[in-house]
Every structure is written in structure tokens, then in C-alpha cells.
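> First the structure, then my questions, so here it is.
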Amino acid sequence: MAFGRSSRKKPLVEPVTLKILVAGGFGVGKTTLVGAVSEIRPLRTEEILSEAGRPVDDLHGVENKTTTTVAMDFGRITLREDLVLYLFGTPGQDRFWFLWDELAQGALGAVVLADTRRLEDSFAAIDYFERRGIPFTVAVNCFEGARRFPAESVRGALDLDPEVELLMCDARDRESVKNVLVAVVQHALVLADRSHAPAAT
Amino acid sequence: MSDAAEPNQATEGRPTGRHHWFDADAGPVVRPYAMTRGRTSAATRHRLDLIALVVPEPAADDPGRDQTLSPEHVEIVERCSEQPQSIAELAAGLDLPVGVVRVLVGDLVEDELVHVTRPVPPAELPDVSILREVINGLRAL
């Protein structure tokens with residue numbers, strides 16, 4: 001009973017794991033959205049980052065050496081015993097783009113959560129996913145008391161490509177968040193079908 | 001004299017707490033990478049993805065296992081024995097930075113106590129049916 005697991009013959013199931021990113025400005029409700037559908041209370045994982053480019057051997061100024069802790073909140077949805085989806089809320093600050101690269105690698109898709117009062121906070125995330133060809137859906141979190149705008153005017157303000165879906169959502173509401181996630185995967189499916197289709201027709 | 005018992009007297013006026021003799025900038029008493037003996041990269045060939053799952057090998061059940069494992073190594077194996085855990089979940093559960101967990105899991109891989117799944121990027125999936133399964137799974141939640 002070394003590790004509390006005696007002579008289990010049945011091999012552990014090794015599920016396929018996929019991830020969807022949840023991006024957007026600070027305070028837009030990323031962790032709330034993750035928590036609305038996650039089967040676990042959103043967990044926080046941290047990485048300690050030293051300021052890049054500092055000469056290693058230079059002992060002068062060590063007292064000023066800065067390390068930054070970057071936190072990502074994430075949740076888990078077990079779709080089937082052998083299929084698990086993770087949702088990662090990306091760090092809100094623009095200066096941690098390099099961390100996104102790792103997060104974004106192999107991501108199934110992304111949600112850009114937007115707040116109509118601070119639409120400019122979503123520009124950076126939209127730009128990032130567009131450049132990398134990562135399928136994404138924009139979800140406008142309809143905060144109580146915030147003015148509602150027609151979807152078309154929000155699309156225009158964000159300069160979205162016609163094929164990018166824009167949805168209104170309530171990041172606290174499970175059904176609403178499920179719809180957003182389904183939209184992301186459907187978009188990913190369309191793109192995947194296109195790339196799998198024969199080039200010549 | 002009380003001077004001897006309180007070497008931090010000179011720092012009076014600073015915020016006090018459990019680690020009152022350190023500057024706030026000193027960080028935690030045990031720096032996380034001390035657990036990895038200063039190593040910042042794992043021995044594994046591929047960088048372990050946040051959603052890579054750590055799965056115990058049969059050898060993890062062997063009571064005569066490596067006695068040089070740290071308590072953190074042992075805890076990782078224990079946590080994975082019930083259900084494979086992702087790197088992200090282990091980091092959150094152990095309250096350790098992701099980079100530290102990667103190094104520790106790398107040690108366990110080298111010791112052949114666990115193996116790590118390599119998540120397939122959706123673009124490399126052999127067919128897209130898995131995406132349909134994700135959609136169906138989400139709708140059924």
C-alpha cells in the first residue's frame with residue numbers, strides 16, 4: 001500500500017485533455033465565467049518569473065532584482081471519462097504576453113470576454129488570437145446596469161471578421177457560458193473541416 | 001539584554017509578521033526552487049504542457065521505491081494514483097509554481113514512477129470527430 005493503491009488491475013483511464021482560453025481585460029469576469037461551468041472551484045496556479053534580460057553574473061543591483069508572480073485561474077469539465085476540457089483564464093496584464101504563448105499552444109480555441117464600458121481592453125486579446133489563427137468567439141458580459149448595445153455596433157467597434165461570432169452572455173450563468181463554449185468549439189470545427197478538406201475542388 | 005533576543009530591533013517600525021526579520025522583498029522563507037535543488041528545467045524531452053496528465057506507472061506501487069524522493073515527489077505520486085492529474089492541477093493542489101512541478105514530475109518520469117500524456121494539439125487531431133464530441137458533451141452538461 002505504498003501509495004494507497006494496492007493491486008489495482010484495472011489501468012487508469014488516460015483521458016484526452018483539451019483547453020480553451022478565456023481572455024479579456026482585468027475585472028471583466030474571466031474567473032466568474034470559468035467558475036460558472038467548472039466542476040471544481042476555480043484553482044489558481046502560479047509561476048514565478050524573473051525579469052528577463054538581466055545579466056546573471058552581475059551581483060550589483062541584486063537587491064533590486066524583481067520577480068513577478070503570474071497567476072492563472074482555471075477550471076475543469078469532465079465531458080466523459082476519457083475526455084476532459086480545461087478552461088484557463090489568462091493573466092489580465094498585457095506585459096505577460098509571453099506566458100500566453102505557452103497557454104495558447106495547442107489550445108482548442110478561446111473566448112474573448114468583453115465589457116462594453118471598456119471595449120478597448122479586448123483589442124489586445126482579439127489581435128493576439130487573430131494573428132495566431134486560434135479560433136475565438138467574443139462574449140460580451142452583460143453587467144447589470146451597463147448600457148446594452150446592439151451586437152452589430154459592438155462588432156463594428158471591435159472590427160471583427162464576419163466569421164467571428166459575437167454573443168451576449170452572463171458570465172455567472174451556466175447555460176449562458178455553455179452556449180459561449182459551444183460557439184467556440186463550433187467555430188474551431190468549421191476551421192478544422194476547412195483545413196481537412198481537399199485543397200483542390 | 002533584550003537586544004540579544006531581538007536581533008531585529010533595528011528593523012522596528014517595519015511591518016511585522018511571522019517573518020518579521022526579513023524584508024518583505026525577501027519572499028517566502030523557503031524559496032520554491034530549493035525543492036528542485038535549484039534546477040529550473042526538467043529532464044523530460046518535451047516541455048510539459050499545463051494540461052499534460054501525470055499517470056502513475058506500476059512501479060509507483062512498489063514499496064521498495066526510491067528512498068531519495070522528497071515529500072513533494074511522493075505527494076505528486078499519491079495525488080495521481082487515484083486519478084491522473086494535470087500539471088496545472090498539481091501546481092494548484094501543492095501550492096507550488098508550475099515550473100517547480102515540471103521539474104519534480106520530470107524526476108519521477110526519469111525514475112519511471114510516472115509517465116506523462118502528451119496532449120495532441122487540435123490542429124493535429126487525426127479527425128475532427130472529437131470536436132463534435134466536445135460540443136455534445138458541453139450541451140449535455
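Chain labels A, B, ... are given in the sequence in which chains occur in the C-alpha cells; within each chain residues are numbered consecutively from 1, and ligands are likewise numbered from 1 in the order shown.
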Would you mind listing what lies within 7 Å of A:Glu14 as a count of residues only, with only C-alpha atoms counted and same-chain residues fewer than 2 positions away left out?

3

> Applying 9 Å and only C-alpha atoms, which residues near B:Leu48 remain after dropping the ones on its own chain fewer than 4 positions away? List them as a list in words.

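These residues fall inside the cut-off: Ala42, Thr44, Ala52, Ile87, Arg102, Val105, Gly106, Val116, Thr117 and Arg118 of chain B.
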
> Can you write just those residues out, N, CA and C atoms, as an mmCIF file, in the first residue's frame?


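Output contents, as saved in out_34.cif:
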data_model
loop_
_atom_site.group_PDB
_atom_site.id
_atom_site.type_symbol
_atom_site.label_atom_id
_atom_site.label_comp_id
_atom_site.auth_asym_id
_atom_site.auth_seq_id
_atom_site.Cartn_x
_atom_site.Cartn_y
_atom_site.Cartn_z
ATOM 1 N N ALA B 42 13.192 20.612 -16.500
ATOM 2 C CA ALA B 42 13.042 19.187 -16.225
ATOM 3 C C ALA B 42 13.891 18.368 -17.188
ATOM 4 N N THR B 44 12.792 15.930 -18.829
ATOM 5 C CA THR B 44 11.984 15.375 -19.920
ATOM 6 C C THR B 44 12.307 16.063 -21.243
ATOM 7 N N ALA B 52 -0.989 18.449 -19.589
ATOM 8 C CA ALA B 52 -0.425 17.091 -19.651
ATOM 9 C C ALA B 52 -0.809 16.371 -18.357
ATOM 10 N N ILE B 87 -0.650 18.880 -14.892
ATOM 11 C CA ILE B 87 0.405 19.690 -14.288
ATOM 12 C C ILE B 87 -0.200 20.896 -13.560
ATOM 13 N N ARG B 102 6.971 21.044 -12.785
ATOM 14 C CA ARG B 102 7.543 20.437 -14.003
ATOM 15 C C ARG B 102 8.845 19.715 -13.690
ATOM 16 N N VAL B 105 8.079 16.517 -11.555
ATOM 17 C CA VAL B 105 7.473 15.467 -12.376
ATOM 18 C C VAL B 105 8.522 14.878 -13.320
ATOM 19 N N GLY B 106 9.407 15.738 -13.818
ATOM 20 C CA GLY B 106 10.494 15.248 -14.667
ATOM 21 C C GLY B 106 11.350 14.217 -13.949
ATOM 22 N N VAL B 116 3.843 10.763 -18.560
ATOM 23 C CA VAL B 116 3.071 11.977 -18.775
ATOM 24 C C VAL B 116 2.453 11.917 -20.159
ATOM 25 N N THR B 117 1.148 12.226 -20.231
ATOM 26 C CA THR B 117 0.495 12.232 -21.538
ATOM 27 C C THR B 117 0.935 13.469 -22.308
ATOM 28 N N ARG B 118 0.920 13.343 -23.605
ATOM 29 C CA ARG B 118 1.277 14.497 -24.421
ATOM 30 C C ARG B 118 0.036 14.947 -25.173
#

> Residues at most 9 Å from stretch 186-190 of chain A, counting only C-alpha atoms, excluding those fewer than 6 positions away in the same chain, as a PDB file with N, CA and C atoms, in the first residue's frame?


ATOM      1  N   LEU A 108      -7.638  24.590 -28.018  1.00  0.00           N
ATOM      2  CA  LEU A 108      -8.730  24.291 -28.931  1.00  0.00           C
ATOM      3  C   LEU A 108      -9.343  25.587 -29.464  1.00  0.00           C
ATOM      4  N   GLY A 109      -9.385  26.583 -28.620  1.00  0.00           N
ATOM      5  CA  GLY A 109      -9.970  27.857 -29.003  1.00  0.00           C
ATOM      6  C   GLY A 109      -9.958  28.799 -27.821  1.00  0.00           C
ATOM      7  N   ILE A 134      -5.977  31.261 -33.930  1.00  0.00           N
ATOM      8  CA  ILE A 134      -6.675  30.463 -32.914  1.00  0.00           C
ATOM      9  C   ILE A 134      -8.163  30.820 -32.961  1.00  0.00           C
ATOM     10  N   PRO A 135      -9.030  29.805 -33.133  1.00  0.00           N
ATOM     11  CA  PRO A 135     -10.463  30.117 -33.220  1.00  0.00           C
ATOM     12  C   PRO A 135     -10.958  30.774 -31.925  1.00  0.00           C
ATOM     13  N   PHE A 136     -11.664  31.861 -32.069  1.00  0.00           N
ATOM     14  CA  PHE A 136     -12.187  32.504 -30.860  1.00  0.00           C
ATOM     15  C   PHE A 136     -13.577  33.074 -31.100  1.00  0.00           C
ATOM     16  N   THR A 137     -14.276  33.268 -29.999  1.00  0.00           N
ATOM     17  CA  THR A 137     -15.605  33.862 -30.001  1.00  0.00           C
ATOM     18  C   THR A 137     -15.575  35.018 -29.018  1.00  0.00           C
ATOM     19  N   GLU A 163     -16.727  36.156 -39.859  1.00  0.00           N
ATOM     20  CA  GLU A 163     -16.956  34.774 -39.400  1.00  0.00           C
ATOM     21  C   GLU A 163     -16.736  34.597 -37.888  1.00  0.00           C
ATOM     22  N   VAL A 164     -16.259  35.641 -37.219  1.00  0.00           N
ATOM     23  CA  VAL A 164     -16.094  35.536 -35.763  1.00  0.00           C
ATOM     24  C   VAL A 164     -17.445  35.811 -35.114  1.00  0.00           C
ATOM     25  N   GLU A 165     -17.851  34.882 -34.266  1.00  0.00           N
ATOM     26  CA  GLU A 165     -19.151  35.034 -33.639  1.00  0.00           C
ATOM     27  C   GLU A 165     -19.074  35.969 -32.441  1.00  0.00           C
TER      28      GLU A 165
ATOM     29  N   PRO B 122      -5.249  20.411 -31.195  1.00  0.00           N
ATOM     30  CA  PRO B 122      -6.424  20.134 -32.030  1.00  0.00           C
ATOM     31  C   PRO B 122      -6.104  20.151 -33.523  1.00  0.00           C
ATOM     32  N   VAL B 128     -11.825  15.182 -36.908  1.00  0.00           N
ATOM     33  CA  VAL B 128     -12.441  16.236 -36.115  1.00  0.00           C
ATOM     34  C   VAL B 128     -13.609  15.728 -35.262  1.00  0.00           C
ATOM     35  N   SER B 129     -13.830  14.420 -35.275  1.00  0.00           N
ATOM     36  CA  SER B 129     -14.987  13.919 -34.539  1.00  0.00           C
ATOM     37  C   SER B 129     -14.897  14.247 -33.054  1.00  0.00           C
ATOM     38  N   LEU B 131     -14.057  16.989 -31.785  1.00  0.00           N
ATOM     39  CA  LEU B 131     -14.655  18.306 -31.553  1.00  0.00           C
ATOM     40  C   LEU B 131     -16.174  18.190 -31.438  1.00  0.00           C
ATOM     41  N   ARG B 132     -16.749  17.316 -32.278  1.00  0.00           N
ATOM     42  CA  ARG B 132     -18.197  17.096 -32.168  1.00  0.00           C
ATOM     43  C   ARG B 132     -18.539  16.491 -30.815  1.00  0.00           C
ATOM     44  N   ILE B 135     -18.631  19.238 -28.309  1.00  0.00           N
ATOM     45  CA  ILE B 135     -19.868  20.031 -28.396  1.00  0.00           C
ATOM     46  C   ILE B 135     -21.022  19.277 -27.744  1.00  0.00           C
TER      47      ILE B 135
END

> Please identify every residue of chain B that has at least one atom no more than 8 Å from any atom of chain A, counting only C-alpha atoms, and report them as a JSON list (two decimals) with C-alpha atoms, in the first residue's frame.


[["chain", "number", "residue", "atom", "x", "y", "z"],
["B", 50, "LEU", "CA", -0.21, 22.59, -18.33],
["B", 51, "ILE", "CA", -2.84, 20.01, -19.33],
["B", 52, "ALA", "CA", -0.43, 17.09, -19.65],
["B", 53, "LEU", "CA", -1.65, 14.37, -17.31],
["B", 55, "VAL", "CA", -0.16, 8.90, -14.75],
["B", 60, "ALA", "CA", 4.76, 3.52, -8.13],
["B", 61, "ASP", "CA", 3.12, 0.76, -6.09],
["B", 62, "ASP", "CA", 6.44, -0.78, -5.18],
["B", 63, "PRO", "CA", 7.18, -0.23, -1.51],
["B", 77, "VAL", "CA", 2.55, 10.24, -6.99],
["B", 78, "GLU", "CA", -0.13, 9.92, -4.33],
["B", 81, "SER", "CA", -2.76, 7.43, -8.08],
["B", 82, "GLU", "CA", -6.48, 7.99, -7.59],
["B", 83, "GLN", "CA", -6.95, 9.86, -10.83],
["B", 84, "PRO", "CA", -4.37, 11.19, -13.28],
["B", 88, "ALA", "CA", -1.84, 22.70, -13.60],
["B", 89, "GLU", "CA", -3.90, 20.80, -11.04],
["B", 91, "ALA", "CA", 0.66, 23.01, -9.09],
["B", 92, "ALA", "CA", -2.56, 24.37, -7.63],
["B", 95, "ASP", "CA", 0.60, 25.33, -3.96],
["B", 96, "LEU", "CA", 3.83, 25.32, -5.95],
["B", 97, "PRO", "CA", 4.80, 27.29, -9.04],
["B", 98, "VAL", "CA", 4.21, 25.44, -12.30],
["B", 99, "GLY", "CA", 7.94, 25.46, -13.07],
["B", 117, "THR", "CA", 0.49, 12.23, -21.54],
["B", 119, "PRO", "CA", -1.85, 16.43, -25.31],
["B", 120, "VAL", "CA", -2.47, 16.48, -29.05],
["B", 121, "PRO", "CA", -2.96, 19.99, -30.40],
["B", 122, "PRO", "CA", -6.42, 20.13, -32.03],
["B", 123, "ALA", "CA", -4.82, 21.06, -35.36],
["B", 128, "VAL", "CA", -12.44, 16.24, -36.12],
["B", 131, "LEU", "CA", -14.66, 18.31, -31.55],
["B", 132, "ARG", "CA", -18.20, 17.10, -32.17],
["B", 134, "VAL", "CA", -16.85, 18.11, -27.09],
["B", 135, "ILE", "CA", -19.87, 20.03, -28.40],
["B", 137, "GLY", "CA", -20.58, 16.88, -24.08],
["B", 138, "LEU", "CA", -20.97, 20.60, -23.38],
["B", 139, "ARG", "CA", -24.62, 20.58, -24.42],
["B", 141, "LEU", "CA", -23.83, 19.31, -19.08]]

> Step one, run DSSP on the backbone; step two, keep only residues of chain A assigned to helix (DSSP H, G or I); then write them as a PyMOL selection string.

chain A and resi 30-37+62-64+94-104+116-132+151-158+174-196

> Store the residues picked out above, limited to C-alpha atoms, as an mmCIF file, in the first residue's frame.


data_model
loop_
_atom_site.group_PDB
_atom_site.id
_atom_site.type_symbol
_atom_site.label_atom_id
_atom_site.label_comp_id
_atom_site.auth_asym_id
_atom_site.auth_seq_id
_atom_site.Cartn_x
_atom_site.Cartn_y
_atom_site.Cartn_z
ATOM 1 C CA LYS A 30 -12.926 35.678 -16.579
ATOM 2 C CA THR A 31 -12.756 33.727 -13.328
ATOM 3 C CA THR A 32 -16.510 34.100 -12.871
ATOM 4 C CA LEU A 33 -17.063 32.564 -16.300
ATOM 5 C CA VAL A 34 -14.714 29.682 -15.538
ATOM 6 C CA GLY A 35 -16.447 29.097 -12.202
ATOM 7 C CA ALA A 36 -19.892 29.020 -13.812
ATOM 8 C CA VAL A 37 -19.185 25.778 -15.680
ATOM 9 C CA VAL A 62 20.606 42.110 -6.806
ATOM 10 C CA GLU A 63 18.674 43.933 -4.132
ATOM 11 C CA ASN A 64 16.578 45.347 -6.935
ATOM 12 C CA ASP A 94 -0.554 42.881 -21.213
ATOM 13 C CA ARG A 95 3.008 42.562 -20.052
ATOM 14 C CA PHE A 96 2.639 38.812 -19.702
ATOM 15 C CA TRP A 97 2.066 38.075 -23.353
ATOM 16 C CA PHE A 98 4.940 35.623 -23.395
ATOM 17 C CA LEU A 99 3.090 33.480 -20.935
ATOM 18 C CA TRP A 100 0.146 33.383 -23.293
ATOM 19 C CA ASP A 101 2.283 31.727 -25.904
ATOM 20 C CA GLU A 102 2.617 28.713 -23.709
ATOM 21 C CA LEU A 103 -1.032 28.746 -22.745
ATOM 22 C CA ALA A 104 -2.152 29.245 -26.319
ATOM 23 C CA THR A 116 -18.932 47.350 -23.397
ATOM 24 C CA ARG A 117 -17.771 50.019 -20.947
ATOM 25 C CA ARG A 118 -14.142 49.128 -21.698
ATOM 26 C CA LEU A 119 -14.133 47.577 -25.131
ATOM 27 C CA GLU A 120 -10.552 48.708 -25.747
ATOM 28 C CA ASP A 121 -9.447 46.173 -23.116
ATOM 29 C CA SER A 122 -10.366 43.403 -25.566
ATOM 30 C CA PHE A 123 -8.376 44.674 -28.530
ATOM 31 C CA ALA A 124 -5.109 43.096 -27.496
ATOM 32 C CA ALA A 125 -6.651 39.645 -26.978
ATOM 33 C CA ILE A 126 -8.560 39.753 -30.279
ATOM 34 C CA ASP A 127 -5.430 40.799 -32.104
ATOM 35 C CA TYR A 128 -3.430 38.033 -30.471
ATOM 36 C CA PHE A 129 -5.832 35.232 -31.448
ATOM 37 C CA GLU A 130 -6.320 36.596 -34.961
ATOM 38 C CA ARG A 131 -2.586 36.633 -35.608
ATOM 39 C CA ARG A 132 -2.174 33.097 -34.375
ATOM 40 C CA ALA A 151 -24.422 43.347 -31.359
ATOM 41 C CA GLU A 152 -23.740 44.953 -34.724
ATOM 42 C CA SER A 153 -22.382 48.134 -33.217
ATOM 43 C CA VAL A 154 -20.148 46.153 -30.845
ATOM 44 C CA ARG A 155 -18.884 44.134 -33.811
ATOM 45 C CA GLY A 156 -18.104 47.317 -35.647
ATOM 46 C CA ALA A 157 -16.304 48.829 -32.671
ATOM 47 C CA LEU A 158 -14.189 45.686 -32.344
ATOM 48 C CA ARG A 174 -24.036 28.251 -16.516
ATOM 49 C CA GLU A 175 -26.330 27.902 -19.532
ATOM 50 C CA SER A 176 -25.111 31.165 -20.962
ATOM 51 C CA VAL A 177 -21.464 30.146 -20.577
ATOM 52 C CA LYS A 178 -22.178 26.713 -22.068
ATOM 53 C CA ASN A 179 -23.546 28.450 -25.170
ATOM 54 C CA VAL A 180 -20.398 30.528 -25.445
ATOM 55 C CA LEU A 181 -18.178 27.454 -25.195
ATOM 56 C CA VAL A 182 -20.240 25.552 -27.757
ATOM 57 C CA ALA A 183 -19.855 28.520 -30.117
ATOM 58 C CA VAL A 184 -16.076 28.411 -29.682
ATOM 59 C CA VAL A 185 -15.848 24.704 -30.464
ATOM 60 C CA GLN A 186 -18.234 25.020 -33.412
ATOM 61 C CA HIS A 187 -16.025 27.717 -34.839
ATOM 62 C CA ALA A 188 -12.992 25.503 -34.305
ATOM 63 C CA LEU A 189 -14.843 22.677 -36.061
ATOM 64 C CA VAL A 190 -15.587 24.854 -39.089
ATOM 65 C CA LEU A 191 -11.934 25.862 -39.353
ATOM 66 C CA ALA A 192 -10.758 22.286 -38.881
ATOM 67 C CA ASP A 193 -13.160 20.968 -41.535
ATOM 68 C CA ARG A 194 -11.859 23.582 -43.913
ATOM 69 C CA SER A 195 -8.233 22.635 -43.354
ATOM 70 C CA HIS A 196 -9.038 18.922 -43.619
#

> Let's see if you can do this: from backbone DSSP, list all strand (DSSP E or B) residues in stretch 29-198 of chain A, as a PyMOL selection string.

chain A and resi 43-50+67-80+83-89+109-114+136-141+166-169
